[in-house]
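Student: Contents of upload_31.cif (mmCIF, C-alpha atoms and all ligand atoms) are given next:
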data_start
#
loop_
_atom_site.label_atom_id
_atom_site.label_comp_id
_atom_site.auth_asym_id
_atom_site.auth_seq_id
_atom_site.Cartn_x
_atom_site.Cartn_y
_atom_site.Cartn_z
CA MET H 84 -185.53 109.35 -162.13
CA ILE H 85 -187.35 106.82 -159.94
CA ALA H 86 -187.84 107.65 -156.27
CA THR H 87 -186.77 104.96 -153.79
CA LEU H 88 -187.54 104.14 -150.15
CA ASP H 89 -184.72 106.52 -149.15
CA ASP H 90 -186.91 109.36 -150.45
CA LEU H 91 -189.96 108.31 -148.41
CA ASP H 92 -190.90 109.71 -145.03
CA ALA H 93 -192.61 106.48 -143.95
CA ALA H 94 -193.77 107.12 -140.37
CA GLY H 95 -197.56 106.97 -140.08
CA THR H 96 -197.87 106.73 -143.88
CA VAL H 97 -200.34 104.26 -145.41
CA VAL H 98 -198.35 102.44 -148.09
CA GLY H 99 -199.86 100.31 -150.87
CA LEU H 100 -196.99 97.89 -151.44
CA ARG H 101 -197.09 95.75 -154.61
CA VAL H 102 -194.95 92.64 -154.22
CA ASP H 103 -194.57 89.53 -156.38
CA ILE H 104 -195.07 86.52 -154.13
CA ASN H 105 -196.48 84.35 -156.92
CA SER H 106 -195.23 80.95 -155.77
CA PRO H 107 -195.46 77.28 -156.65
CA VAL H 108 -198.32 75.69 -154.69
CA ASP H 109 -199.61 72.11 -154.38
CA ALA H 110 -203.12 70.95 -155.31
CA ASP H 111 -204.41 72.16 -151.92
CA GLY H 112 -202.89 75.64 -152.36
CA ARG H 113 -200.05 74.95 -149.89
CA LEU H 114 -196.80 76.78 -150.64
CA LEU H 115 -194.05 74.62 -152.13
CA ASP H 116 -191.41 77.33 -152.13
CA ASP H 117 -191.19 80.65 -150.25
CA SER H 118 -188.21 82.28 -151.98
CA ARG H 119 -190.27 85.09 -153.50
CA ILE H 120 -191.87 85.82 -150.13
CA ARG H 121 -188.47 85.92 -148.43
CA ALA H 122 -187.14 88.22 -151.16
CA HIS H 123 -189.55 90.98 -150.07
CA VAL H 124 -188.89 90.73 -146.32
CA GLY H 125 -186.23 93.47 -146.53
CA THR H 126 -188.58 96.00 -148.13
CA ILE H 127 -191.52 95.18 -145.85
CA SER H 128 -189.37 95.23 -142.69
CA SER H 129 -187.78 98.50 -143.69
CA LEU H 130 -191.24 100.10 -144.02
CA LEU H 131 -192.59 98.57 -140.80
CA GLU H 132 -189.50 99.47 -138.77
CA ARG H 133 -190.04 103.05 -139.92
CA ASN H 134 -193.64 102.85 -138.63
CA ALA H 135 -195.41 102.76 -141.97
CA ARG H 136 -198.85 101.11 -142.27
CA VAL H 137 -198.54 98.59 -145.07
CA ALA H 138 -201.28 97.17 -147.34
CA LEU H 139 -199.76 94.39 -149.42
CA LEU H 140 -201.00 93.81 -152.98
CA ALA H 141 -199.99 90.72 -154.96
CA HIS H 142 -201.20 88.12 -157.43
CA GLN H 143 -201.02 84.33 -157.36
CA GLY H 144 -201.28 82.28 -160.56
CA ARG H 145 -203.36 83.02 -163.60
CA PRO H 146 -207.16 82.77 -163.91
CA GLY H 147 -208.03 79.17 -164.79
CA GLY H 148 -204.57 77.89 -163.89
CA ASP H 149 -203.70 75.29 -161.23
CA SER H 150 -201.94 77.79 -158.97
CA PHE H 151 -204.71 80.44 -159.12
CA THR H 152 -205.47 80.56 -155.42
CA THR H 153 -205.79 82.63 -152.26
CA LEU H 154 -202.91 84.54 -150.65
CA GLU H 155 -203.82 83.34 -147.15
CA PRO H 156 -200.89 80.86 -146.94
CA HIS H 157 -198.56 83.61 -148.13
CA ALA H 158 -199.82 85.89 -145.33
CA ASP H 159 -199.26 83.09 -142.79
CA ARG H 160 -195.70 82.61 -144.05
CA LEU H 161 -195.03 86.37 -143.89
CA ASN H 162 -196.34 86.40 -140.35
CA GLU H 163 -193.66 83.81 -139.48
CA LEU H 164 -190.91 85.69 -141.30
CA LEU H 165 -191.59 89.23 -140.02
CA ASP H 166 -191.16 90.66 -136.54
CA ALA H 167 -194.51 92.42 -136.86
CA PRO H 168 -198.12 91.27 -136.94
CA VAL H 169 -199.46 90.43 -140.41
CA GLU H 170 -203.20 90.31 -141.00
CA TYR H 171 -204.95 88.82 -144.02
CA VAL H 172 -208.25 89.95 -145.53
CA ASP H 173 -210.13 87.92 -148.14
CA GLU H 174 -210.89 90.94 -150.34
CA THR H 175 -208.74 93.13 -152.57
CA HIS H 176 -210.58 96.46 -152.66
CA GLY H 177 -214.04 95.91 -151.20
CA THR H 178 -215.47 97.30 -147.96
CA SER H 179 -213.64 94.89 -145.65
CA ALA H 180 -210.32 95.42 -147.46
CA ARG H 181 -210.64 99.19 -147.06
CA ALA H 182 -211.72 98.78 -143.43
CA ALA H 183 -208.68 96.57 -142.74
CA ILE H 184 -206.45 99.28 -144.19
CA ALA H 185 -208.16 101.96 -142.10
CA ASP H 186 -207.58 99.79 -138.98
CA LEU H 187 -203.81 99.52 -139.54
CA THR H 188 -201.67 101.04 -136.83
CA ASP H 189 -198.07 102.23 -137.21
CA GLY H 190 -195.72 99.32 -137.99
CA THR H 191 -198.42 96.80 -138.98
CA CYS H 192 -199.28 95.08 -142.22
CA VAL H 193 -202.30 93.57 -143.98
CA VAL H 194 -202.16 91.19 -146.96
CA LEU H 195 -205.04 91.84 -149.37
CA GLU H 196 -206.49 88.98 -151.44
CA ASN H 197 -205.10 87.88 -154.83
CA THR H 198 -205.47 90.90 -157.15
CA ARG H 199 -206.28 88.58 -160.08
CA PHE H 200 -209.48 87.40 -158.37
CA TYR H 201 -210.70 90.62 -159.88
CA SER H 202 -210.97 90.48 -163.70
CA GLU H 203 -209.65 93.95 -164.63
CA GLU H 204 -206.33 93.04 -163.01
CA TYR H 205 -205.67 90.46 -165.71
CA MET H 206 -206.00 93.05 -168.49
CA GLU H 207 -203.34 95.41 -169.84
CA PHE H 208 -203.84 99.20 -169.68
CA ASP H 209 -201.82 102.37 -170.02
CA SER H 210 -201.27 104.13 -166.71
CA ALA H 211 -204.10 106.66 -167.12
CA ASP H 212 -206.70 103.99 -167.96
CA ALA H 213 -205.40 101.66 -165.26
CA ALA H 214 -206.02 104.48 -162.79
CA THR H 215 -209.75 104.37 -163.67
CA THR H 216 -210.15 100.67 -162.82
CA HIS H 217 -212.19 99.70 -159.76
CA LEU H 218 -209.13 98.46 -157.90
CA VAL H 219 -207.25 101.73 -158.18
CA GLU H 220 -210.28 104.01 -157.80
CA ARG H 221 -211.35 102.25 -154.60
CA LEU H 222 -207.95 101.73 -153.00
CA ALA H 223 -206.04 104.89 -153.91
CA PRO H 224 -208.17 107.12 -151.62
CA VAL H 225 -207.25 104.99 -148.56
CA LEU H 226 -203.52 104.95 -149.42
CA ASP H 227 -201.01 107.79 -149.01
CA VAL H 228 -198.30 106.42 -151.29
CA TYR H 229 -197.54 103.43 -153.53
CA VAL H 230 -194.37 101.33 -153.48
CA ASN H 231 -193.64 98.83 -156.24
CA ASP H 232 -191.29 96.01 -155.27
CA ALA H 233 -192.80 93.50 -157.73
CA PHE H 234 -189.93 93.30 -160.20
CA ALA H 235 -191.10 89.85 -161.37
CA ALA H 236 -194.36 91.43 -162.60
CA ALA H 237 -192.77 94.66 -163.89
CA HIS H 238 -193.36 93.61 -167.51
CA ARG H 239 -197.15 93.62 -166.96
CA SER H 240 -199.25 96.78 -167.59
CA GLN H 241 -201.84 95.69 -165.07
CA PRO H 242 -203.73 98.07 -162.75
CA SER H 243 -201.87 97.16 -159.56
CA ILE H 244 -198.57 97.79 -161.40
CA VAL H 245 -199.20 100.88 -163.54
CA GLY H 246 -202.45 102.39 -162.18
CA PHE H 247 -201.41 103.58 -158.72
CA PRO H 248 -198.31 105.52 -159.92
CA HIS H 249 -200.67 107.66 -162.02
CA VAL H 250 -202.43 109.00 -158.94
CA LEU H 251 -200.14 108.50 -155.94
CA PRO H 252 -196.57 109.51 -155.08
CA SER H 253 -194.70 106.31 -155.92
CA TYR H 254 -191.42 104.64 -155.03
CA ALA H 255 -189.40 101.58 -156.00
CA GLY H 256 -188.84 99.03 -153.24
CA GLN H 257 -185.48 97.42 -152.45
CA VAL H 258 -186.01 94.35 -154.69
CA MET H 259 -187.02 96.53 -157.64
CA GLU H 260 -184.05 98.85 -157.09
CA ARG H 261 -181.52 96.00 -156.81
CA GLU H 262 -182.85 94.09 -159.83
CA LEU H 263 -182.82 97.16 -162.08
CA ALA H 264 -179.27 98.05 -161.03
CA VAL H 265 -177.92 94.59 -161.95
CA LEU H 266 -180.00 93.72 -165.01
CA ASP H 267 -179.85 97.13 -166.67
CA ASP H 268 -176.06 96.89 -166.70
CA ILE H 269 -175.42 93.60 -168.53
CA GLU H 270 -173.30 95.35 -171.18
CA SER H 271 -170.64 96.08 -168.57
CA THR H 272 -170.11 92.35 -167.80
CA THR H 273 -167.11 90.51 -169.26
CA CYS H 274 -167.15 88.36 -172.43
CA PRO H 275 -167.39 85.57 -173.48
CA ARG H 276 -171.02 85.94 -172.44
CA THR H 277 -173.36 82.95 -172.63
CA TYR H 278 -177.16 82.99 -172.38
CA VAL H 279 -178.84 79.79 -171.22
CA LEU H 280 -182.51 79.78 -172.20
CA GLY H 281 -184.52 76.87 -170.82
CA GLY H 282 -187.96 76.45 -169.29
CA ALA H 283 -191.31 76.75 -170.96
CA LYS H 284 -191.75 80.44 -171.87
CA VAL H 285 -190.79 79.88 -175.48
CA SER H 286 -191.92 83.21 -177.01
CA GLY H 287 -190.09 85.33 -174.42
CA SER H 288 -186.97 83.20 -174.77
CA ILE H 289 -186.95 83.51 -178.56
CA ASP H 290 -187.46 87.29 -178.29
CA ALA H 291 -184.55 87.41 -175.86
CA ALA H 292 -182.34 85.19 -178.05
CA ARG H 293 -182.94 87.38 -181.09
CA ASP H 294 -182.23 90.54 -179.19
CA VAL H 295 -179.03 89.43 -177.49
CA LEU H 296 -177.69 87.92 -180.74
CA GLU H 297 -178.56 91.01 -182.79
CA ARG H 298 -176.98 93.33 -180.25
CA ASP H 299 -173.92 91.09 -179.92
CA LEU H 300 -174.58 90.74 -176.22
CA ALA H 301 -174.43 86.96 -176.49
CA ASP H 302 -171.40 85.08 -177.73
CA THR H 303 -173.39 81.86 -177.39
CA VAL H 304 -177.01 80.96 -176.67
CA LEU H 305 -177.59 77.52 -175.14
CA THR H 306 -181.16 76.23 -175.32
CA ALA H 307 -182.78 73.59 -173.13
CA GLY H 308 -186.19 72.64 -171.74
CA VAL H 309 -189.18 73.26 -174.01
CA VAL H 310 -187.16 76.03 -175.69
CA GLY H 311 -184.52 73.43 -176.66
CA ASN H 312 -187.21 71.11 -178.01
CA VAL H 313 -188.58 73.93 -180.19
CA PHE H 314 -185.10 74.56 -181.63
CA LEU H 315 -184.73 70.81 -182.32
CA VAL H 316 -188.00 70.85 -184.28
CA ALA H 317 -186.92 74.09 -186.02
CA ASP H 318 -183.86 72.23 -187.32
CA ASP H 319 -186.06 69.40 -188.65
CA HIS H 320 -185.56 66.89 -185.85
CA ASP H 321 -188.59 64.86 -184.83
CA VAL H 322 -188.94 65.11 -181.05
CA GLY H 323 -191.85 62.66 -181.08
CA LYS H 324 -195.61 63.01 -180.84
CA ALA H 325 -195.81 63.74 -177.09
CA SER H 326 -193.42 66.72 -177.16
CA THR H 327 -194.71 67.98 -180.50
CA ASP H 328 -198.29 67.92 -179.16
CA PHE H 329 -197.10 69.77 -176.05
CA ILE H 330 -195.55 72.54 -178.17
CA TYR H 331 -198.76 72.76 -180.18
CA ASP H 332 -201.04 72.72 -177.11
CA GLN H 333 -199.05 75.54 -175.49
CA GLY H 334 -199.63 77.66 -178.60
CA TYR H 335 -195.95 77.71 -179.57
CA TRP H 336 -196.29 76.35 -183.10
CA ASP H 337 -195.37 79.72 -184.71
CA GLU H 338 -192.26 79.85 -182.55
CA ILE H 339 -190.76 77.00 -184.60
CA ASP H 340 -190.48 79.28 -187.65
CA ARG H 341 -189.02 82.05 -185.51
CA ALA H 342 -186.46 79.63 -184.09
CA ALA H 343 -185.64 78.40 -187.61
CA ALA H 344 -185.05 82.01 -188.74
CA LEU H 345 -182.67 82.51 -185.83
CA LEU H 346 -180.78 79.32 -186.69
CA GLU H 347 -180.51 80.54 -190.29
CA GLU H 348 -179.03 83.88 -189.21
CA TYR H 349 -177.06 82.97 -186.10
CA GLY H 350 -176.72 79.16 -186.25
CA ASP H 351 -173.02 79.29 -185.33
CA ARG H 352 -173.87 80.97 -181.99
CA ILE H 353 -176.91 78.89 -181.00
CA GLU H 354 -176.71 75.43 -179.43
CA TYR H 355 -179.63 73.05 -179.11
CA PRO H 356 -179.72 69.61 -177.42
CA ARG H 357 -177.63 66.79 -178.92
CA ASP H 358 -179.63 64.22 -176.98
CA VAL H 359 -182.81 64.21 -174.91
CA ALA H 360 -184.02 62.18 -171.95
CA VAL H 361 -187.46 60.73 -172.57
CA GLU H 362 -189.83 59.05 -170.16
CA ARG H 363 -190.25 55.33 -170.92
CA ASN H 364 -192.48 53.43 -168.47
CA GLY H 365 -191.56 55.93 -165.77
CA ASP H 366 -187.80 55.58 -166.42
CA ARG H 367 -185.27 57.98 -167.90
CA VAL H 368 -183.99 56.86 -171.29
CA GLU H 369 -181.52 59.01 -173.23
CA LEU H 370 -181.84 59.26 -177.00
CA PRO H 371 -179.20 60.92 -179.20
CA VAL H 372 -180.66 63.13 -181.90
CA GLY H 373 -179.68 60.47 -184.50
CA GLU H 374 -181.95 57.92 -182.78
CA MET H 375 -185.02 60.13 -182.62
CA PRO H 376 -188.02 60.17 -182.80
CA PRO H 377 -189.00 58.66 -179.47
CA ALA H 378 -192.18 56.55 -179.34
CA ASP H 379 -195.46 58.46 -179.45
CA ASP H 380 -195.97 58.26 -175.67
CA GLU H 381 -192.40 59.27 -174.72
CA PRO H 382 -192.08 63.02 -174.00
CA ALA H 383 -188.62 64.63 -174.05
CA MET H 384 -188.43 65.72 -170.41
CA ASP H 385 -184.78 66.70 -170.03
CA VAL H 386 -181.55 67.21 -171.95
CA GLY H 387 -179.18 64.25 -172.10
CA THR H 388 -175.61 63.62 -170.91
CA GLU H 389 -173.96 64.45 -174.24
CA THR H 390 -175.70 67.83 -174.35
CA LEU H 391 -174.67 68.56 -170.78
CA ALA H 392 -171.01 67.77 -171.52
CA ALA H 393 -171.03 70.13 -174.51
CA TYR H 394 -172.83 72.92 -172.59
CA GLU H 395 -170.51 72.54 -169.57
CA GLU H 396 -167.50 72.97 -171.86
CA ILE H 397 -168.94 76.24 -173.20
CA LEU H 398 -169.72 77.46 -169.68
CA GLU H 399 -166.14 76.66 -168.57
CA GLU H 400 -164.91 79.10 -171.24
CA SER H 401 -167.47 81.79 -170.31
CA GLU H 402 -166.82 84.84 -168.13
CA THR H 403 -170.52 85.72 -167.80
CA VAL H 404 -173.64 83.57 -167.88
CA ILE H 405 -177.24 84.75 -167.89
CA LEU H 406 -179.63 81.87 -167.26
CA ASN H 407 -183.41 81.57 -167.25
CA GLY H 408 -185.51 78.43 -166.92
CA PRO H 409 -184.85 74.80 -165.96
CA ALA H 410 -183.29 72.35 -168.45
CA GLY H 411 -186.09 69.85 -167.96
CA VAL H 412 -189.03 68.83 -165.79
CA TYR H 413 -186.98 69.29 -162.62
CA GLU H 414 -190.07 68.73 -160.43
CA ASN H 415 -189.69 65.02 -161.28
CA GLU H 416 -186.45 63.72 -159.71
CA THR H 417 -185.74 61.46 -162.70
CA PHE H 418 -185.61 64.47 -164.98
CA ALA H 419 -183.86 66.94 -162.66
CA GLU H 420 -180.38 65.78 -163.72
CA GLY H 421 -180.00 68.24 -166.61
CA THR H 422 -181.08 71.23 -164.52
CA GLN H 423 -178.80 70.19 -161.67
CA SER H 424 -175.69 69.77 -163.87
CA LEU H 425 -176.34 72.91 -165.89
CA TYR H 426 -176.97 75.10 -162.82
CA ARG H 427 -173.87 73.70 -161.09
CA ALA H 428 -171.76 74.56 -164.14
CA ALA H 429 -173.33 78.04 -164.39
CA ALA H 430 -172.61 78.75 -160.71
CA THR H 431 -168.87 78.31 -161.35
CA VAL H 432 -168.79 81.06 -164.02
CA GLU H 433 -167.15 84.31 -162.86
CA THR H 434 -170.37 86.36 -163.18
CA SER H 435 -173.59 84.36 -163.05
CA ILE H 436 -177.01 85.99 -163.26
CA VAL H 437 -180.04 83.73 -163.02
CA GLY H 438 -183.73 84.55 -162.98
CA GLY H 439 -187.22 83.08 -162.88
CA GLY H 440 -189.75 81.77 -160.40
CA ASP H 441 -189.20 78.13 -161.37
CA THR H 442 -185.48 78.70 -161.73
CA ALA H 443 -185.30 79.85 -158.10
CA SER H 444 -187.50 76.94 -156.97
CA ALA H 445 -185.28 74.50 -158.87
CA MET H 446 -182.14 76.01 -157.29
CA ASN H 447 -183.65 75.60 -153.85
CA ALA H 448 -185.02 72.11 -154.49
CA LEU H 449 -181.70 70.93 -155.92
CA GLY H 450 -179.58 72.75 -153.32
CA ILE H 451 -177.54 74.84 -155.75
CA ASP H 452 -176.25 78.29 -154.83
CA GLY H 453 -173.22 80.50 -155.43
CA PHE H 454 -174.66 82.66 -158.21
CA THR H 455 -173.65 86.31 -158.45
CA HIS H 456 -177.26 87.52 -158.71
CA VAL H 457 -180.49 85.58 -158.44
CA SER H 458 -183.29 87.58 -159.99
CA THR H 459 -186.83 87.15 -158.70
CA GLY H 460 -188.16 87.58 -162.25
CA GLY H 461 -188.09 85.31 -165.28
CA GLY H 462 -190.21 87.05 -167.91
CA ALA H 463 -189.42 90.48 -166.45
CA ALA H 464 -185.67 89.82 -166.49
CA LEU H 465 -185.88 88.54 -170.07
CA ALA H 466 -187.94 91.58 -171.12
CA LEU H 467 -185.37 93.91 -169.56
CA LEU H 468 -182.48 92.03 -171.16
CA THR H 469 -184.35 92.28 -174.46
CA GLY H 470 -184.08 96.05 -174.27
CA ASP H 471 -187.76 96.63 -173.44
CA THR H 472 -188.77 99.45 -171.13
CA LEU H 473 -190.70 97.78 -168.35
CA PRO H 474 -194.21 99.27 -167.86
CA ALA H 475 -193.67 99.31 -164.07
CA VAL H 476 -190.50 101.35 -164.45
CA CYS H 477 -192.11 103.73 -166.92
CA ALA H 478 -195.05 104.28 -164.53
CA LEU H 479 -192.73 104.91 -161.56
CA ASP H 480 -190.68 107.31 -163.68
CA ASN H 481 -193.78 109.39 -164.49
CA ALA H 482 -195.36 109.25 -161.03
CA PRO H 483 -196.23 112.45 -159.16
CA VAL H 484 -193.69 113.46 -156.51
CA SER H 485 -194.89 113.90 -152.94
N1 LIG C 501 -188.80 69.33 -171.61
C1 LIG C 501 -189.79 69.89 -170.93
N2 LIG C 501 -191.08 69.52 -171.13
C2 LIG C 501 -192.10 70.09 -170.43
N3 LIG C 501 -191.94 71.04 -169.49
C3 LIG C 501 -190.67 71.44 -169.24
C4 LIG C 501 -189.54 70.90 -169.93
N4 LIG C 501 -188.43 71.50 -169.46
C5 LIG C 501 -188.84 72.38 -168.51
N5 LIG C 501 -190.18 72.34 -168.37
C6 LIG C 501 -191.02 73.10 -167.44
O1 LIG C 501 -190.76 74.47 -167.51
C7 LIG C 501 -191.29 75.07 -166.34
C8 LIG C 501 -190.48 76.29 -165.95
O2 LIG C 501 -190.36 77.17 -167.03
P1 LIG C 501 -190.43 78.77 -166.88
O3 LIG C 501 -191.74 79.17 -166.27
O4 LIG C 501 -190.12 79.30 -168.24
O5 LIG C 501 -189.25 79.07 -165.86
P2 LIG C 501 -189.03 80.38 -164.93
O6 LIG C 501 -190.24 80.50 -164.01
O7 LIG C 501 -187.78 80.07 -164.18
O8 LIG C 501 -188.91 81.54 -165.86
C9 LIG C 501 -191.24 73.99 -165.26
O9 LIG C 501 -192.55 73.77 -164.78
C10 LIG C 501 -190.69 72.76 -166.00
O10 LIG C 501 -191.32 71.54 -165.62
O1 LIG C 502 -194.07 84.35 -162.03
C1 LIG C 502 -194.01 85.37 -162.70
O2 LIG C 502 -193.28 85.48 -163.82
P1 LIG C 502 -192.08 84.45 -164.25
O3 LIG C 502 -192.65 83.03 -164.35
O4 LIG C 502 -191.71 85.00 -165.60
O5 LIG C 502 -190.96 84.58 -163.28
C2 LIG C 502 -194.65 86.66 -162.28
O6 LIG C 502 -195.35 86.49 -161.07
C3 LIG C 502 -195.56 87.20 -163.37
O7 LIG C 502 -196.65 86.31 -163.54
P2 LIG C 502 -197.40 86.26 -164.94
O8 LIG C 502 -196.41 85.79 -165.98
O9 LIG C 502 -198.56 85.30 -164.72
O10 LIG C 502 -197.89 87.67 -165.24
#
Mind turning this structure into structure tokens?
Tutor:
Amino acid sequence: MIATLDDLDAAGTVVGLRVDINSPVDADGRLLDDSRIRAHVGTISSLLERNARVALLAHQGRPGGDSFTTLEPHADRLNELLDAPVEYVDETHGTSARAAIADLTDGTCVVLENTRFYSEEYMEFDSADAATTHLVERLAPVLDVYVNDAFAAAHRSQPSIVGFPHVLPSYAGQVMERELAVLDDIESTTCPRTYVLGGAKVSGSIDAARDVLERDLADTVLTAGVVGNVFLVADDHDVGKASTDFIYDQGYWDEIDRAAALLEEYGDRIEYPRDVAVERNGDRVELPVGEMPPADDEPAMDVGTETLAAYEEILEESETVILNGPAGVYENETFAEGTQSLYRAAATVETSIVGGGDTASAMNALGIDGFTHVSTGGGAALALLTGDTLPAVCALDNAPVS
């Protein structure tokens, strides 16, 4: 049984609070979307209003990636959103980070630097080994308790997720609690149940597709985005050199065979695009599957109108939809059409559960709302829906009680 904030006597307590505020940023590190930051305001405010002293731990991007950057803008945004002072320190567990934590007074908060600036944080450990990493060994002594609200990173066995619960009394935050309550109970939702798997996390989506088809959770799986392109290739359609190279470059070549195996077993319950929108001289040009391949320099950036009509018809008949990932490169207005139409159709379904960092950004950018539950996590939500036990949950479950 996981302890929650209701079980915590917060006043005067130094709380290490892990959040997931990993956000889209521009080339200068400026925030493009603050939904994940806003999602944690409830948990942070609840702790500060109860006079806790909060040290915020979070990651941003992946080492080597474009969005691998400082959390200073995130701290600035939190400072605007909260009714309490928020400090930022450019260290995660060094002398100045620990000093900043020691300087906290009741009802104040400090944002520590990106945990992934420190290499051990990007490795996977079991809880006991994670507790021996530098981050946990240096920070745990200056913390009284640990709270994990980072549902979106709950599928990672990284030190800031699984290490602290090994040594500190630990609690789930409000986001974590809410997400687990909704996503752990998919089986109680009404059928027909449709899963829409788009975006670019092909391996996770194929794992999820297999699981929900095997367990009869999904009546239909609709694929779009890069996932849809992989299913097209798996059924021997030539999506053109640009998209094929992209699949190869992302390391998803083996996923084609896995998608083909799924089509072999469950082809009658899986839909893949009937047409794609390619980029031709900066314009959107739709190509039905029968007219493929596109030219070598024409990537398939979105699903086409015929696909959308077919998918919308299936969604109209659905009682529940679970959706992860955009249908195309929604960041480019010309290719946002598929995502916009698909999300609009999903929002009209009786129970609609959507998840993912980019999914939430796309919803905000395209002005679509009305979903039953918007999860902060993409990979974490898929892992949970795939029947996995999330490492974060396991660690909280086994944490010492105060
Ligand atoms: N056809 C496509 N080609 C290339 N990238 C795509 C395509 N469709 C979607 N994407 C990209 O997928 C990314 C989002 O995928 P993902 O990270 O899986 O979503 P989420 O964060 O919601 O789980 C976006 O950056 C989007 O541009
Ligand atoms: O954005 C995240 O996941 P998501 O894209 O699956 O929603 C989380 O912050 C986890 O990040 P990671 O997938 O780099 O470990």
Student: So which one's closest to H:Val285, H:Ala138, H:Ala342, H:Val412, H:Ile269? Using all atoms listed in the file, please.
Tutor: H:Ala342
Student: Could you pull the residues within 9 Å of H:Thr431, counting all atoms listed in the file, minus those fewer than 6 positions along the same chain, as JSON, numbers by chain?
Tutor: {"H": [398, 399, 453, 454]}
Student: Kindly save the residues from that selection, with C-alpha atoms included, as a compact mmCIF listing (two decimals), in the coordinates of the input.
Tutor:
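Wrote it out as result33.txt, contents follow:
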# COMPACT_ATOMS: atom_id res chain seq x y z
CA LEU H 398 -169.72 77.46 -169.68
CA GLU H 399 -166.14 76.66 -168.57
CA GLY H 453 -173.22 80.50 -155.43
CA PHE H 454 -174.66 82.66 -158.21
Student: Using only C-alpha atoms and all ligand atoms, find each protein or nucleic acid residue lying at most 7 Å from ligand LIG 502 (chain C); present the set as a ChimeraX atom specification.
Tutor: /H:103-105,144-145,235-236,239,439-441,459-463
Student: Neighbouring residues of ligand LIG 501 (chain C) are defined here as those with any atom at most 7 Å from a ligand atom, counting only C-alpha atoms and all ligand atoms; list them as number ranges by chain.
Tutor: H: 281-284, 308-309, 312, 383-385, 407-414, 438-443, 461-462
Student: Figure out the distance between atom CA of H:Val124 and atom CA of H:Ala86, please, to one decimal in Å.
Tutor: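 Going from atom CA of H:Ala86 over to atom CA of H:Val124 covers 19.7 Å.
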Student: Pick out the closest residue to H:Arg352 from this set: H:Asp173, H:Asp267, H:Asp302, H:Asp90. Count all atoms listed in the file.
Tutor: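 Result for the nearest residue to H:Arg352: H:Asp302.
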